[in-house]
Amino acid sequence: MTLRFTLRQLEYFVAVGDLGSIALAAERVNVSSPSISTAIAQLETEFGLPLFVRKHAQGLALTQSGRQLLAQAQDILAQAEALNRQANTLSGQVQGPLALGCLVTFAQMVVPRLRRRFETRYPDARIMQTELDHLAIINQLRDATIDIALSYDMEIPRDLEFHPLAELKPYAMMCPEHPLAHLKSVSVEQLAEHPMVLLDLPISSDYFLSFFTQIGLRPVIAERTRDMAVARGLVANGFGYSIANIRPLNDLAPDGQKLRFIPLERAVQPMRMGLVMAQGAMNALTIRAFVEECRKDVAEGTMPGLNSPIVPN
């Protein structure tokens, strides 16, 4: 018997298997929920096996057969993507999909403009973006859910490559009424006495806290949030200062309140922002073209919030 299914159906199956929800899978692959449901039903009919157990109000769980088929579906999709990249390289054309991950703290400033410039230059290419914390970026690069990511050089494992783009010096962010807001620069010792709004993301929070631990101090953490926009709003409304490396294009919080950005004195080494990818990923033409586009944007100053570009060796 010849099985008939499409790579698109397998993509939908993998998305539901990863997320346990048709609605969340629809968001990931940018199609309607009914389209996902139809694809799953067609696969189950074609395979003659139930792939999921429907749990009322709890989403979907993979059956034993579903778990086994999911692993093979992931392998098929990875092989298809590798085949597509090889074809692109042989044809000399920058084309096809590129799954881009971006650190959630600066995705809103960097990715939309970068996507537009890249897709305008290469109209046969299409970027699919995902906003993630740094740990999720590492995990999704390892399982090939994403092809490349914009992030920081924080604990990059040896099986991945980091290509630096820019050095980002840290600064303290505070409201104009803060007791330290009049200073031209501020020390970690001065900040340690005041309430802090911590951007509490995996690995990123360790970096911000290291400013204090390296000199034997502990910050007064008054608020924690995983959202940079929320952090800016809390800071602007007097709930404490925060520390960040990416500076927005204006000095306003999302609610319109004013912010002050003050360089840190004697801070730890500046964070390097760059591209993270699997070893050998630069052999793919589309990925190589994307890397070059990022370097060009940083060098020309068209990537918002960045400075001090790093010249590649």
# chains A, B, ... in the order shown; residues from 1 in each chain; ligands from 1

call {"tool": "residues_around", "arguments": {"residues": "Val276 in chain A", "least_positions_apart": "3", "cutoff": "7 Å", "atoms": "only C-alpha atoms", "output": "list in words"}}
result
Ile148, Ala149, Leu150, Ser151, Leu160, Glu161, Phe162 and His163 of chain A

call {"tool": "residues_around", "arguments": {"residues": "range 17-28 of chain A", "least_positions_apart": "2", "cutoff": "12 Å", "atoms": "only C-alpha atoms", "output": "ChimeraX atom specification"}}
result
/A:10-15,30-40,51-71,73-74,99,128-131,140,143,145-146

call {"tool": "residues_around", "arguments": {"residues": "Val235 in chain A", "least_positions_apart": "2", "cutoff": "10 Å", "atoms": "only C-alpha atoms", "output": "list in words"}}
result
Met173, Met174, Cys175, Pro176, His178, Pro195, Met196, Val197, Glu223, Ala229, Val230, Ala231, Arg232, Gly233, Asn237, Gly238, Phe239, Gly240, Tyr241, Ser242, Ala253, Gln257, Lys258, Leu259 and Arg260 of chain A

call {"tool": "residues_around", "arguments": {"residues": "range 154-159 of chain A", "least_positions_apart": "4", "cutoff": "10 Å", "atoms": "only C-alpha atoms", "output": "PyMOL selection string"}}
result
chain A and resi 134-135+138+142+203-204+206-207+271-273+276-279

call {"tool": "select_by_dssp", "arguments": {"residues": "range 59-284 of chain A", "states": "alpha helix (DSSP H)", "output": "MDAnalysis selection string"}}
result
chainID A and resid 64:91 107:121 134:142 188:191 204:213 228:236

call {"tool": "write_last_selection", "arguments": {"atoms": "C-alpha atoms", "output": "short mmCIF file (atom, residue, chain, number, x, y, z; two decimals), in the first residue's frame"}}
result
data_model
loop_
_atom_site.label_atom_id
_atom_site.label_comp_id
_atom_site.auth_asym_id
_atom_site.auth_seq_id
_atom_site.Cartn_x
_atom_site.Cartn_y
_atom_site.Cartn_z
CA GLN A 64 2.11 5.57 21.67
CA SER A 65 1.87 5.28 17.88
CA GLY A 66 1.82 9.04 17.61
CA ARG A 67 5.05 9.39 19.59
CA GLN A 68 6.83 6.93 17.31
CA LEU A 69 5.56 8.56 14.14
CA LEU A 70 6.37 12.04 15.46
CA ALA A 71 10.07 11.22 15.68
CA GLN A 72 10.09 9.92 12.11
CA ALA A 73 8.11 12.93 10.90
CA GLN A 74 10.72 15.23 12.45
CA ASP A 75 13.48 13.32 10.67
CA ILE A 76 11.64 13.54 7.33
CA LEU A 77 11.15 17.30 7.70
CA ALA A 78 14.81 17.79 8.62
CA GLN A 79 15.92 15.77 5.59
CA ALA A 80 13.56 17.72 3.33
CA GLU A 81 14.95 21.00 4.62
CA ALA A 82 18.51 19.79 4.08
CA LEU A 83 17.59 18.76 0.53
CA ASN A 84 16.07 22.19 -0.09
CA ARG A 85 19.18 23.96 1.20
CA GLN A 86 21.45 21.82 -0.95
CA ALA A 87 19.34 22.63 -3.99
CA ASN A 88 19.52 26.33 -3.17
CA THR A 89 23.29 26.15 -2.86
CA LEU A 90 23.67 24.28 -6.15
CA SER A 91 21.35 26.69 -7.96
CA ALA A 107 12.91 41.02 18.92
CA GLN A 108 10.34 43.80 18.54
CA MET A 109 13.03 46.37 17.69
CA VAL A 110 15.27 44.30 15.45
CA VAL A 111 13.39 41.55 13.62
CA PRO A 112 10.60 43.30 11.64
CA ARG A 113 12.93 45.74 9.86
CA LEU A 114 15.56 43.06 9.32
CA ARG A 115 12.95 40.73 7.84
CA ARG A 116 11.67 43.40 5.48
CA ARG A 117 15.15 44.29 4.21
CA PHE A 118 16.14 40.66 3.71
CA GLU A 119 12.92 39.58 1.97
CA THR A 120 13.00 42.69 -0.24
CA ARG A 121 16.53 41.86 -1.33
CA HIS A 134 18.08 32.27 25.43
CA LEU A 135 17.68 28.74 26.79
CA ALA A 136 14.81 28.03 24.41
CA ILE A 137 16.94 29.32 21.53
CA ILE A 138 19.65 26.79 22.35
CA ASN A 139 17.13 23.95 22.63
CA GLN A 140 15.36 24.81 19.37
CA LEU A 141 18.63 25.14 17.46
CA ARG A 142 19.62 21.71 18.70
CA VAL A 188 26.73 49.11 40.82
CA GLU A 189 27.43 50.03 44.46
CA GLN A 190 25.06 52.99 44.16
CA LEU A 191 22.35 50.88 42.52
CA SER A 204 19.87 36.57 31.08
CA SER A 205 18.97 37.16 34.73
CA ASP A 206 22.25 35.51 35.82
CA TYR A 207 24.14 38.03 33.71
CA PHE A 208 22.36 41.02 35.26
CA LEU A 209 22.82 39.67 38.79
CA SER A 210 26.53 39.04 38.13
CA PHE A 211 27.09 42.81 38.17
CA PHE A 212 26.48 42.60 41.92
CA THR A 213 27.75 39.15 42.87
CA MET A 228 11.06 44.03 28.61
CA ALA A 229 8.08 46.30 27.86
CA VAL A 230 6.63 45.53 31.29
CA ALA A 231 10.02 46.23 32.89
CA ARG A 232 10.15 49.62 31.20
CA GLY A 233 6.63 50.40 32.40
CA LEU A 234 7.44 49.42 36.00
CA VAL A 235 10.63 51.48 35.96
CA ALA A 236 8.97 54.54 34.46
#

call {"tool": "residues_around", "arguments": {"residues": "Arg288 in chain A", "least_positions_apart": "6", "cutoff": "10 Å", "atoms": "only C-alpha atoms", "output": "PyMOL selection string"}}
result
chain A and resi 94+281-282

call {"tool": "write_last_selection", "arguments": {"atoms": "N, CA and C atoms", "output": "tab-separated table (two decimals), in the first residue's frame"}}
result
chain	number	residue	atom	x	y	z
A	94	VAL	N	19.20	32.38	-3.37
A	94	VAL	CA	18.79	32.55	-1.98
A	94	VAL	C	17.27	32.46	-1.97
A	281	ALA	N	26.27	25.43	9.70
A	281	ALA	CA	25.06	26.02	9.12
A	281	ALA	C	25.38	27.05	8.04
A	282	MET	N	26.57	27.66	8.13
A	282	MET	CA	26.95	28.69	7.15
A	282	MET	C	27.17	28.09	5.76

call {"tool": "closest_residue", "arguments": {"among": "A:Glu46, A:Ser185, A:Glu265, A:Val29", "to": "Arg4 in chain A", "atoms": "only C-alpha atoms"}}
result
A:Glu46
